Every structure is written in C-alpha cells, then in structure tokens.
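Colleague: Quick one: structure below, then a few questions.
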Amino acid sequence: MANSIDVATLRQWFAGKGEVAFLDIREEGQHGAAHPLLAVNVPYSRLELMIGQLVPRRSCPVVLVDDDDGIAEKASRRLAALGYDPIHVLQGGVAAWSAAGYPLFPSTNVPSKAFAEIVEHEFGTPAISAAELDRRRRAGENIVVLDSRPFDEYARFHVPGAITCPGAELVLRVADLVPDPQATIVVSCAGRTRGIIGAQSLRTAGVPNPVLSLEGGTQAWRLAGLDLEHGPTTSLKPASPQALAAARQRAESVAVRFGIRRIDRATLDGWQREPDRTSFVLDVRTPDEFAAGHLPGSVSAPGGQLVQAIDRWVGVRGARLVLVDDFGARAIMTAQWLQQMGWDVAILDRPFEAAALATGFDAPRPALPDVLEITATEAAHWLDAGAVAVAVVPTAEYRKAHPEDAVWTIRPRLDRLPANVLRATRIAVFAEDAAVGALAAADLAAIASGPVALVQGGTDAWRAAGRPFAASPDEPPDTERIDTIFWNHDRHAGNQEAMRAYLRWETELPSEIARDCSRQRGSDGATATGAGANCSCHRQISRAPSGLIWSNCSHSRSASKMLFNCASMSRSAGRANRISTESLSSGRIGTGTGGGTGVGPPQVVAPMGQPLNR
C-alpha cells in the first residue's frame with residue numbers, strides 16, 4: 001500500500017532541495033487534456049518500460065497522480081515490486097490539484113514550451129511573420145531558413161526551401177549552412193518555441209548574421225495561405241573543420257559567460273555511486289552518431305529536443321544532468337539553456353577518450369512478467385473452440401483493422417472489459433508491442449476466470465497467417481480513447497482554428513504559470529499573492545547559479561541573471577496576449593496588435609478535443 005500525500009505537502013516538497021519524481025500515470029490522452037505543470041507522463045500501460053530511464057534511482061521519492069480511480073495504487077504495487085521506495089499517491093488525484101486552485105495544463109512538454117515564451121520576451125528575440133518572410137524571399141532578399149526540428153518531423157513538412165538543422169546542431173553547423181555573414185537567418189519549427197530557442201541560440205553564440213524566428217512556424221505559414229514542402233529535401237551533412245572551429249570558439253564564449261561546469265570521468269563515476277542523488281548521462285549528439293558509438297549507460301537525447309521536451313528523458317526534479325558531446329559546442333549550447341531552466345547540469349570533458357564504446361541503442365529492457373504465450377495457429381484453435389480475443393493496440397490502429405471479433409482494451413481499463421470476456425474459458429491477447437502486451441496480459445490473468453495467453457507476433461503474425469481482420473471506424477468511441485491526445489490534435493492536418501488556438505495557447509503560457517505561482521500556499525495555509533508573498537514556486541524548478549533562471553513563477557533582471565517574479569511574469573504574459581488575441585483570431589500572425597484577456601479561472605480544464613476556454 002502506497003503512502004498518501006496531499007497537494008499542499010507536495011508543493012512544499014517542490015519548494016525544498018531534495019529530489020522528487022512527480023509522475024502522471026494516466027494515459028497520454030488524459031495527460032494531454034489536462035495535468036499539473038510539473039507532472040511527467042508515464043502511462044500505466046507502459047510503466048515498467050519507461051520508469052527505468054525516467055527514474056533510474058529506486059530510492060528516489062516517487063509521487064503518483066491519477067484520476068482518483070485506483071490506477072495509481074496499481075502502479076505503486078508494480079513499482080514496489082521493482083524495488084522503488086518510497087512511493088506516494090496524490091490524494092484526490094488530478095481533480096484535487098485543480099480544487100486546490102492550481103491550473104491544469106493541456107498539451108505536452110509544457111514547462112519547456114513556457115520557458116521559450118519567456119526567453120523570447122526577456123531576450124527580445126526578434127521574429128518575422130510568414131507573410132513577411134514570403135514577401136522578402138519573393139523580392140530576392142538573401143534569406144536562409146533553418147528548420148530546427150528533428151529530421152523526421154522536417155521530412156513530413158517544412159517551409160519550402162528550408163534546410164534541416166535540428167536545434168543543437170545550429171551553432172555547430174551554421175558556418176557551413178550560411179557562409180555569408182550578411183544573409184538573414186530565419187529559424188523555423190512547427191509552432192513557436194523551438195524556433196525561438198534556436199534563433200536565440202545563434203544570437204547568444206554571437207553569429208554575425210541577422211537572426212529571427214519564424215513566428216508560428218509551419219502553422220503560421222499555412223494560416224497565411226502558403227503551401228508547405230514535403231519530403232527530405234535536404235539532409236544533415238558532416239560539419240567542415242572550419243565550421244567546427246568557429247562553433248568551438250563561439251560555444252566557449254558562451255560557456256565562460258554562463259559558467260558552464262565541466263567534469264571528468266572520475267567525478268562522474270563518483271556521482272553515479274552516490275546513493276541519495278540521481279545523475280542522468282545524456283548524449284546530445286544526433287541519434288546516428290549515438291548509434292555509431294556511445295558511452296555505455298548513456299541515453300540518446302538530442303540537445304534541441306532535450307531543451308524543448310526534457311520530460312521525455314528526465315523524470316526527477318532536482319536531479320543532475322551530465323551532457324555528452326565529442327565536439328563540445330552542442331553540449332555547451334544545450335547546457336546553458338538547461339542551466340537557465342534551473343537544472344543542475346555539467347558537461348563531461350573528453351567523453352570518449354580511452355573509452356570502450358557501445359553501439360546501437362542498447363537501453364536495457366526491464367524484466368517482463370512471465371505470461372503464457374501461444375502461436376497464431378494455436379490462437380486460431382483457441383478462438384474456434386470458444387475463446388475470446390482482446391486487442392491491446394492503439395485505438396487509431398484498432399479502428400482501421402483488428403483481428404475479427406477482438407475487443408479493444410488497454411491496461412488501465414482491463415477491469416472494464418465486458419463480463420463475457422472476463423469470464424471466458426480462455427482469452428487470447430493480441431498486441432502490436434509485445435512488451436506492452438505482456439504487461440496487460442499479466443494484469444488480465446489476475447482478474448480473468450480462465451487462462452490468458454499472449455499471441456506471439458501479435459497482430460502481424462495474425463495477418464501473416466491470413467486470418468480475418470475487421471474495421472470499426474467508430475469503436476472505441478472518442479470518450480474511451482485515452483491513449484490519444486485530442487486537444488488541437490488536428491492542427492497539422494489543416495484545421496485552422498486548431499492552429500490559432502494552439503499558437504494562442506503557447507503565447508499565453510506565462511500568464512497561466514503566473515496563476516500557478518499566485519496560488520502558492522504558505523505554511524499557514526494562506527494563499528500567497530504577488531512576487532514576495534511567501535512564494536517558493538521558484539524553487540520548484542530553479543537551481544541554476546547563473547543565467548535566465550526558469551522559476552515557475554517569477555523573473556527580475558540583473559546584469560548577470562534574471563530571476564522571474566510573479567508580477568513580471570504577468571507583464572510577459574500581457575505582451576503575449578497582445579500578440580495573440582487579434583492576430584491569431586484573424587490569422588495575421590506576428591502583427592503584434594490587439595489586446596488579450598487571459599485564459600479563464602484557475603480550475604478551468606481544456607476539455608478533450610477543445611481549445612482552452614477564454
């Protein structure tokens with residue numbers, strides 16, 4: 001049985017100096033609809049598969065949050081079996097967080113996205129609208145567009161003529177990609193935030209060119225009535241010696257400016273042996289470079305994505321981050337952002353010197369439960385003899401095609417299966433991911449009347465055997481598709497209102513986080529208001545010794561660092577609202593006109609499939 005913790009106590013933990021892993025164990029769709037700001041999504045359906053990377057130290061305090069439906073208790077038992085201790089469950093689940101007056105946030109990677117919005121405001125990162133960029137390019141101006149997203153995202157769609165250059169690679173490769181110092185550089189992404197961080201990275205590194213972000217990215221490009229380009233029209237080529245030399249010089253100046261710490265292998269070894277502290281070793285090079293050779297135990301976390309989606313790799317607040325990069329520039333540029341976000345970060349000096357390297361992607365797989373397995377042929381015999389079939393597959397795939405008569409399910413909803421399924425003489429489990437299927441089959445075996453078996457090879461083996469499939473375009477209904485994020489999910493498919501709503505939401509994030517801060521409660525239970533009213537929110541995230549410290553609540557400027565305060569956060573939010581309200585509703589992205597009103601009361605939750613209430 002897990003310990004129970006209330007919202008006020010958890011907030012106090014965030015304000016302290018120790019580590020804590022705050023995990024939302026609901027499915028991705030539930031998390032994407034509304035979640036507490038600092039909650040890291042670890043869906044129960046994949047819990048054992050993800051927890052080792054996100055929370056590697058098993059004595060780290062873990063707090064689980066669900067919809068107060070018992071799933072957190074189930075997850076706590078699974079984690080306890082893996083050796084995690086202590087484990088706590090948040091009393092009342094997500095609803096209790098909202099009832100305490102703290103906002104719930106839709107979408108994913110929210111702290112990183114909000115950080116980028118503050119960066120734009122505090123550094124004055126300039127932007128260009130899609131219409132203006134198109135006009136200037138048509139006029140023949142010397143402009144180079146660099147797409148800062150990972151290559152697979154770039155290949156799906158990008159601004160015509162854009163060159164792929166993922167965020168951490170910008171400073172490393174800009175001298176090759178834009179050799180003319182007079183050329184204007186525009187950094188693009190799919191929305192706002194990766195373009196902002198990419199553009200400001202080049203400016204911080206002292207690149208001589210005029211550098212701007214594309215306001216609203218590819219979404220704004222489409223809102224302006226312009227067509228995107230599809231396919232891998234460019235590729236990432238090795239940097240030249242001249243580019244590497246320029247990048248090292250620029251990055252070293254950034255390292256000095258921000259006081260970036262370097263450590264040696266002996267120090268890292270000592271850190272990793274510490275029983276009461278978590279150290280993540282993150283390789284910020286490209287995935288291809290990582291696969292070609294990396295330090296055993298390190299994790300591939302390309303630098304640009306690490307900054308903008310850190311909760312994909314790190315689930316422990318207060319942990320140490322050690323960055324690995326053979327050239328150094330990528331690690332430095334990544335480290336200075338992570339440090340400004342409040343992380344305790346260091347760079348491993350000469351990481352590959354005399355090191356035995358591993359290849360491929362060698363992340364260890366956890367031990368899976370021992371479940372009965374049968375072949376597709378045996379499954380056919382089972383079904384012919386009256387067994388039932390369940391499909392543990394993504395709902396989108398289930399709707400397209402699934403083994404005939406198979407009932408869809410997902411691990412946290414197994415107890416909601418029809419009675420005739422749970423009481424069947426035998427159950428055959430089909431899955432696309434064998435590990436996910438094994439976890440579900442083990443849970444199902446504990447509540448089913450008869451034997452439960454996982455079909456080897458899953459749906460692929462069933463299809464290869466020529467067995468019948470069926471489609472169910474409306475099943476399961478959207479209300480049951482907890483594995484799917486519906487909040488503005490179709491913005492990349494051409495839904496213009498969804499694009500506007502998403503871009504507006506990004507610009508308004510600072511005001512929402514300021515409201516999270518304004519509800520910070522002191523030890524006497526009173527609600528704090530204003531920058532200095534017993535507000536310890538900044539310690540939830542902020543630990544950095546220098547730079548722009550992302551604090552979850554506040555900022556004020558000094559010569560060497562900026563520490564956010566609630567009142568100034570609201571000023572930043574006001575600027576964002578002025579940009580967003582009129583220009584986004586009219587489709588004129590980047591006009592900087594109009595006025596805004598914010599995004600509703602603290603308890604508001606964006607419903608599934610709807611933009612945030614205004």
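Chain labels follow the order of the structure tokens: the first chain is A, the next B, and so on; residue numbering restarts at 1 in every chain, and ligands are counted from 1 in their shown order.
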Taking the backbone alone, and naming residues the way the document does, which bits of stretch 108-171 of chain A are strand (DSSP E or B) by DSSP, as a PDB file with C-alpha atoms, in the first residue's frame?
Modeller:
ATOM      1  CA  ALA A 127      10.543  37.244 -35.114  1.00  0.00           C
ATOM      2  CA  ILE A 128       9.238  37.518 -38.649  1.00  0.00           C
ATOM      3  CA  ILE A 143      17.420  34.740 -46.542  1.00  0.00           C
ATOM      4  CA  VAL A 144      18.150  31.202 -45.338  1.00  0.00           C
ATOM      5  CA  VAL A 145      15.511  29.259 -43.430  1.00  0.00           C
ATOM      6  CA  LEU A 146      16.810  26.632 -40.993  1.00  0.00           C
ATOM      7  CA  ASP A 147      14.314  24.081 -39.642  1.00  0.00           C
ATOM      8  CA  HIS A 158       8.513  22.267 -43.753  1.00  0.00           C
ATOM      9  CA  ILE A 163      17.314  23.379 -44.586  1.00  0.00           C
ATOM     10  CA  THR A 164      17.181  20.734 -41.879  1.00  0.00           C
TER      11      THR A 164
END
Colleague: Which residues of stretch 326-387 of chain A come within 7 Å of stretch 451-467 of chain A, and what is each one's closest atom pair and distance in Å (one decimal), counting only C-alpha atoms, sorted by chain and residue number, as a Markdown table?
Modeller:
| residue | atom | partner | partner_atom | distance |
| --- | --- | --- | --- | --- |
| A:Val371 | CA | A:Ala453 | CA | 6.8 |
| A:Leu372 | CA | A:Ala453 | CA | 4.7 |
| A:Glu373 | CA | A:Leu454 | CA | 4.7 |
| A:Ile374 | CA | A:Val455 | CA | 5.1 |
| A:Thr375 | CA | A:Gln456 | CA | 5.2 |
| A:Ala376 | CA | A:Trp462 | CA | 5.7 |
| A:Ala379 | CA | A:Val455 | CA | 6.7 |
Colleague: Go ahead and write the selection's residues with all heavy atoms as a PDB file, in the first residue's frame.
Modeller:
ATOM      1  N   VAL A 371       4.327 -14.658 -18.745  1.00  0.00           N
ATOM      2  CA  VAL A 371       2.953 -14.899 -19.176  1.00  0.00           C
ATOM      3  C   VAL A 371       2.927 -16.068 -20.158  1.00  0.00           C
ATOM      4  O   VAL A 371       3.911 -16.367 -20.835  1.00  0.00           O
ATOM      5  CB  VAL A 371       2.336 -13.648 -19.832  1.00  0.00           C
ATOM      6  CG1 VAL A 371       2.254 -12.498 -18.847  1.00  0.00           C
ATOM      7  CG2 VAL A 371       3.118 -13.228 -21.075  1.00  0.00           C
ATOM      8  N   LEU A 372       1.787 -16.716 -20.220  1.00  0.00           N
ATOM      9  CA  LEU A 372       1.588 -17.798 -21.183  1.00  0.00           C
ATOM     10  C   LEU A 372       1.602 -17.223 -22.599  1.00  0.00           C
ATOM     11  O   LEU A 372       0.985 -16.183 -22.857  1.00  0.00           O
ATOM     12  CB  LEU A 372       0.250 -18.483 -20.908  1.00  0.00           C
ATOM     13  CG  LEU A 372      -0.179 -19.587 -21.885  1.00  0.00           C
ATOM     14  CD1 LEU A 372       0.793 -20.754 -21.837  1.00  0.00           C
ATOM     15  CD2 LEU A 372      -1.608 -20.041 -21.570  1.00  0.00           C
ATOM     16  N   GLU A 373       2.315 -17.866 -23.511  1.00  0.00           N
ATOM     17  CA  GLU A 373       2.361 -17.413 -24.898  1.00  0.00           C
ATOM     18  C   GLU A 373       1.904 -18.548 -25.810  1.00  0.00           C
ATOM     19  O   GLU A 373       2.193 -19.720 -25.555  1.00  0.00           O
ATOM     20  CB  GLU A 373       3.770 -16.956 -25.285  1.00  0.00           C
ATOM     21  CG  GLU A 373       4.236 -15.723 -24.536  1.00  0.00           C
ATOM     22  CD  GLU A 373       5.544 -15.175 -25.086  1.00  0.00           C
ATOM     23  OE1 GLU A 373       5.861 -15.472 -26.268  1.00  0.00           O
ATOM     24  OE2 GLU A 373       6.252 -14.471 -24.348  1.00  0.00           O
ATOM     25  N   ILE A 374       1.202 -18.186 -26.889  1.00  0.00           N
ATOM     26  CA  ILE A 374       0.762 -19.163 -27.889  1.00  0.00           C
ATOM     27  C   ILE A 374       1.048 -18.608 -29.273  1.00  0.00           C
ATOM     28  O   ILE A 374       1.182 -17.389 -29.454  1.00  0.00           O
ATOM     29  CB  ILE A 374      -0.744 -19.481 -27.752  1.00  0.00           C
ATOM     30  CG1 ILE A 374      -1.580 -18.199 -27.877  1.00  0.00           C
ATOM     31  CG2 ILE A 374      -1.029 -20.197 -26.435  1.00  0.00           C
ATOM     32  CD1 ILE A 374      -3.086 -18.458 -27.850  1.00  0.00           C
ATOM     33  N   THR A 375       1.145 -19.490 -30.255  1.00  0.00           N
ATOM     34  CA  THR A 375       1.350 -19.056 -31.638  1.00  0.00           C
ATOM     35  C   THR A 375       0.030 -18.616 -32.244  1.00  0.00           C
ATOM     36  O   THR A 375      -1.053 -18.855 -31.679  1.00  0.00           O
ATOM     37  CB  THR A 375       1.928 -20.202 -32.474  1.00  0.00           C
ATOM     38  OG1 THR A 375       0.944 -21.249 -32.561  1.00  0.00           O
ATOM     39  CG2 THR A 375       3.216 -20.738 -31.860  1.00  0.00           C
ATOM     40  N   ALA A 376       0.114 -17.990 -33.413  1.00  0.00           N
ATOM     41  CA  ALA A 376      -1.102 -17.579 -34.112  1.00  0.00           C
ATOM     42  C   ALA A 376      -1.966 -18.795 -34.453  1.00  0.00           C
ATOM     43  O   ALA A 376      -3.207 -18.730 -34.379  1.00  0.00           O
ATOM     44  CB  ALA A 376      -0.739 -16.801 -35.371  1.00  0.00           C
ATOM     45  N   ALA A 379      -3.683 -19.794 -31.371  1.00  0.00           N
ATOM     46  CA  ALA A 379      -4.733 -18.816 -31.070  1.00  0.00           C
ATOM     47  C   ALA A 379      -5.977 -19.090 -31.902  1.00  0.00           C
ATOM     48  O   ALA A 379      -7.110 -18.964 -31.417  1.00  0.00           O
ATOM     49  CB  ALA A 379      -4.223 -17.406 -31.316  1.00  0.00           C
TER      50      ALA A 379
END
Colleague: Which residue is closest to A:Val110? Choose from A:Ala39, A:Ala498, A:Ala442, A:Val62 and count only C-alpha atoms.
Modeller: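 Ranking A:Ala39, A:Ala498, A:Ala442, A:Val62 by distance to A:Val110, first place goes to A:Ala39.
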Colleague: Could you tell me how far atom CA of A:Val7 lies from atom CA of A:Gln340, in Å and to one decimal?
Modeller: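 It comes out at 26.8 Å.
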Colleague: Using only C-alpha atoms, which residue out of A:Ala380, A:Ala331, A:Ala470, A:Val174 lies closest to A:Ala245?
Modeller: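 Nearest to A:Ala245: A:Val174.
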Colleague: Find the distance between atom CA of A:Arg192 and atom CA of A:Gly217 and write it in Å to one decimal.
Modeller: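 So the two atoms, atom CA of A:Arg192 and atom CA of A:Gly217, lie 5.8 Å apart.
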Colleague: So the first atom is atom CA of A:Ile196 and the second is atom CA of A:Pro210; what is the distance between them in Å, to one decimal place?
Modeller: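 Distance reported for this atom pair: 13.9 Å.
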Colleague: Near stretch 291-304 of chain A, counting only C-alpha atoms, which residues have an atom at most 7 Å away, once you skip same-chain residues fewer than 4 positions from it, shown as a PyMOL selection string?
Modeller: chain A and resi 166-168+281-287+308+330+334+357-361
Colleague: Run DSSP on the backbone of this structure and report the residues of stretch 271-316 of chain A it assigns to alpha helix (DSSP H), as a list of chain:residue names.
Modeller: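 Of stretch 271-316 of chain A, the ones in alpha helix (DSSP H) are A:Trp271, A:Gln272, A:Arg273, A:Pro287, A:Asp288, A:Glu289, A:Phe290, A:Ala291, A:Ala292, A:Gly303, A:Gly304, A:Gln305, A:Leu306, A:Val307, A:Gln308.
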Colleague: Please, could you write that set of residues out with N, CA and C atoms as a tab-separated table (two decimals), in the first residue's frame?
Modeller:
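Writing the result to result.tsv gives the following:
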chain	number	residue	atom	x	y	z
A	271	TRP	N	29.75	10.46	-8.85
A	271	TRP	CA	28.35	10.89	-8.79
A	271	TRP	C	27.41	9.70	-8.94
A	272	GLN	N	27.74	8.82	-9.87
A	272	GLN	CA	26.84	7.70	-10.14
A	272	GLN	C	26.80	6.69	-8.99
A	273	ARG	N	27.79	6.74	-8.13
A	273	ARG	CA	27.79	5.85	-6.96
A	273	ARG	C	27.06	6.44	-5.77
A	287	PRO	N	21.05	11.12	-33.19
A	287	PRO	CA	20.84	9.68	-32.96
A	287	PRO	C	21.79	8.80	-33.77
A	288	ASP	N	22.11	9.20	-34.99
A	288	ASP	CA	23.03	8.41	-35.81
A	288	ASP	C	24.42	8.35	-35.17
A	289	GLU	N	24.89	9.48	-34.66
A	289	GLU	CA	26.19	9.49	-34.00
A	289	GLU	C	26.17	8.63	-32.74
A	290	PHE	N	25.08	8.72	-31.99
A	290	PHE	CA	24.94	7.91	-30.79
A	290	PHE	C	25.01	6.43	-31.13
A	291	ALA	N	24.26	6.03	-32.16
A	291	ALA	CA	24.23	4.62	-32.54
A	291	ALA	C	25.59	4.12	-32.99
A	292	ALA	N	26.39	5.01	-33.60
A	292	ALA	CA	27.71	4.61	-34.09
A	292	ALA	C	28.69	4.35	-32.96
A	303	GLY	N	20.20	17.43	-28.29
A	303	GLY	CA	20.15	18.62	-27.46
A	303	GLY	C	18.96	19.52	-27.66
A	304	GLY	N	18.58	19.79	-28.90
A	304	GLY	CA	17.45	20.68	-29.13
A	304	GLY	C	16.16	20.13	-28.57
A	305	GLN	N	15.93	18.84	-28.75
A	305	GLN	CA	14.74	18.21	-28.20
A	305	GLN	C	14.82	18.11	-26.69
A	306	LEU	N	16.01	17.91	-26.15
A	306	LEU	CA	16.15	17.82	-24.70
A	306	LEU	C	15.70	19.11	-24.03
A	307	VAL	N	16.08	20.25	-24.59
A	307	VAL	CA	15.66	21.53	-24.03
A	307	VAL	C	14.15	21.70	-24.14
A	308	GLN	N	13.59	21.32	-25.26
A	308	GLN	CA	12.18	21.60	-25.52
A	308	GLN	C	11.24	20.47	-25.12
Colleague: Which neighbours of A:Cys189 fall inside 7 Å, counting only C-alpha atoms, when residues of the same chain fewer than 5 positions from it are skipped, and could you give them as a list in words?
Modeller: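 Everything that qualifies: Asp147, Ser148, Arg149, Arg194, Gly195, Gly217 and Thr218 of chain A.
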Colleague: Quick one: write out the picked residues with C-alpha atoms as a PDB file, in the first residue's frame?
Modeller:
ATOM      1  CA  ASP A 147      14.314  24.081 -39.642  1.00  0.00           C
ATOM      2  CA  SER A 148      15.260  23.271 -36.034  1.00  0.00           C
ATOM      3  CA  ARG A 149      13.089  20.157 -35.607  1.00  0.00           C
ATOM      4  CA  ARG A 194      11.765  25.538 -30.927  1.00  0.00           C
ATOM      5  CA  GLY A 195      12.167  28.361 -33.426  1.00  0.00           C
ATOM      6  CA  GLY A 217       6.345  28.217 -37.648  1.00  0.00           C
ATOM      7  CA  THR A 218       4.745  25.967 -40.233  1.00  0.00           C
TER       8      THR A 218
END
Colleague: Give the answer as one residue: which of A:Pro275, A:Gly315, A:Pro179, A:Pro510 has the shortest atom-to-atom distance to A:Val63, using only C-alpha atoms?
Modeller: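 Using only C-alpha atoms, A:Val63 sits closest to A:Gly315.
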Colleague: Within 6 Å of stretch 382-397 of chain A, counting only C-alpha atoms, which residues show up once you throw out same-chain ones fewer than 2 positions away? Write them as a VMD selection string, please.
Modeller: chain A and resid 379 to 380 399 to 400 406 to 410 426 to 432
Colleague: Just the selected residues (N, CA, C and O atoms), exported as a compact mmCIF listing (two decimals), in the first residue's frame, please.
Modeller:
# COMPACT_ATOMS: atom_id res chain seq x y z
N ALA A 379 -3.68 -19.79 -31.37
CA ALA A 379 -4.73 -18.82 -31.07
C ALA A 379 -5.98 -19.09 -31.90
O ALA A 379 -7.11 -18.96 -31.42
N ALA A 380 -5.77 -19.47 -33.17
CA ALA A 380 -6.92 -19.79 -34.04
C ALA A 380 -7.70 -20.97 -33.47
O ALA A 380 -8.95 -20.97 -33.46
N ARG A 399 -9.24 0.93 -34.88
CA ARG A 399 -10.33 1.38 -35.74
C ARG A 399 -10.09 0.99 -37.20
O ARG A 399 -11.02 0.65 -37.91
N LYS A 400 -8.83 1.07 -37.61
CA LYS A 400 -8.53 0.73 -39.01
C LYS A 400 -8.68 -0.77 -39.27
O LYS A 400 -9.29 -1.18 -40.26
N ALA A 406 -12.13 -9.31 -32.00
CA ALA A 406 -11.31 -8.94 -30.85
C ALA A 406 -11.85 -7.65 -30.23
O ALA A 406 -12.19 -6.69 -30.93
N VAL A 407 -11.91 -7.62 -28.92
CA VAL A 407 -12.38 -6.45 -28.17
C VAL A 407 -11.18 -5.58 -27.83
O VAL A 407 -10.15 -6.09 -27.36
N TRP A 408 -11.32 -4.28 -28.05
CA TRP A 408 -10.21 -3.38 -27.71
C TRP A 408 -10.12 -3.21 -26.20
O TRP A 408 -11.13 -3.15 -25.48
N THR A 409 -8.90 -3.10 -25.70
CA THR A 409 -8.70 -2.77 -24.29
C THR A 409 -7.34 -2.12 -24.13
O THR A 409 -6.52 -2.09 -25.06
N ILE A 410 -7.10 -1.62 -22.94
CA ILE A 410 -5.83 -1.01 -22.58
C ILE A 410 -5.59 -1.34 -21.11
O ILE A 410 -6.55 -1.56 -20.35
N ARG A 426 -11.09 -19.05 -22.03
CA ARG A 426 -9.72 -18.69 -22.37
C ARG A 426 -9.73 -17.34 -23.09
O ARG A 426 -10.70 -17.01 -23.79
N ILE A 427 -8.64 -16.60 -22.94
CA ILE A 427 -8.53 -15.27 -23.57
C ILE A 427 -7.21 -15.21 -24.33
O ILE A 427 -6.14 -15.48 -23.77
N ALA A 428 -7.28 -14.82 -25.60
CA ALA A 428 -6.08 -14.60 -26.42
C ALA A 428 -5.85 -13.10 -26.55
O ALA A 428 -6.75 -12.35 -26.93
N VAL A 429 -4.65 -12.67 -26.21
CA VAL A 429 -4.30 -11.25 -26.22
C VAL A 429 -3.43 -10.95 -27.44
O VAL A 429 -2.35 -11.54 -27.60
N PHE A 430 -3.91 -10.04 -28.30
CA PHE A 430 -3.16 -9.57 -29.45
C PHE A 430 -2.58 -8.19 -29.14
O PHE A 430 -3.27 -7.33 -28.59
N ALA A 431 -1.32 -7.98 -29.50
CA ALA A 431 -0.69 -6.68 -29.26
C ALA A 431 0.26 -6.36 -30.39
O ALA A 431 0.81 -7.26 -31.04
N GLU A 432 0.45 -5.06 -30.66
CA GLU A 432 1.47 -4.63 -31.62
C GLU A 432 2.84 -4.61 -30.97
O GLU A 432 3.84 -4.90 -31.60
Colleague: Using only C-alpha atoms, which residues sit within 8 Å of A:Ile25 once same-chain residues fewer than 2 positions away are excluded, as a count of residues only?
Modeller: 13
Colleague: Between A:Ile332, A:Val316, A:Leu244, A:Val119, which is the closest to A:Val55 once you count only C-alpha atoms?
Modeller: A:Val316
Colleague: Out of A:Pro36, A:Thr479, A:Leu82, A:Phe123, which residue has the shortest atom-to-atom distance to A:Val94 when counting only C-alpha atoms?
Modeller: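 Comparing A:Pro36, A:Thr479, A:Leu82, A:Phe123 against A:Val94, the winner is A:Pro36.
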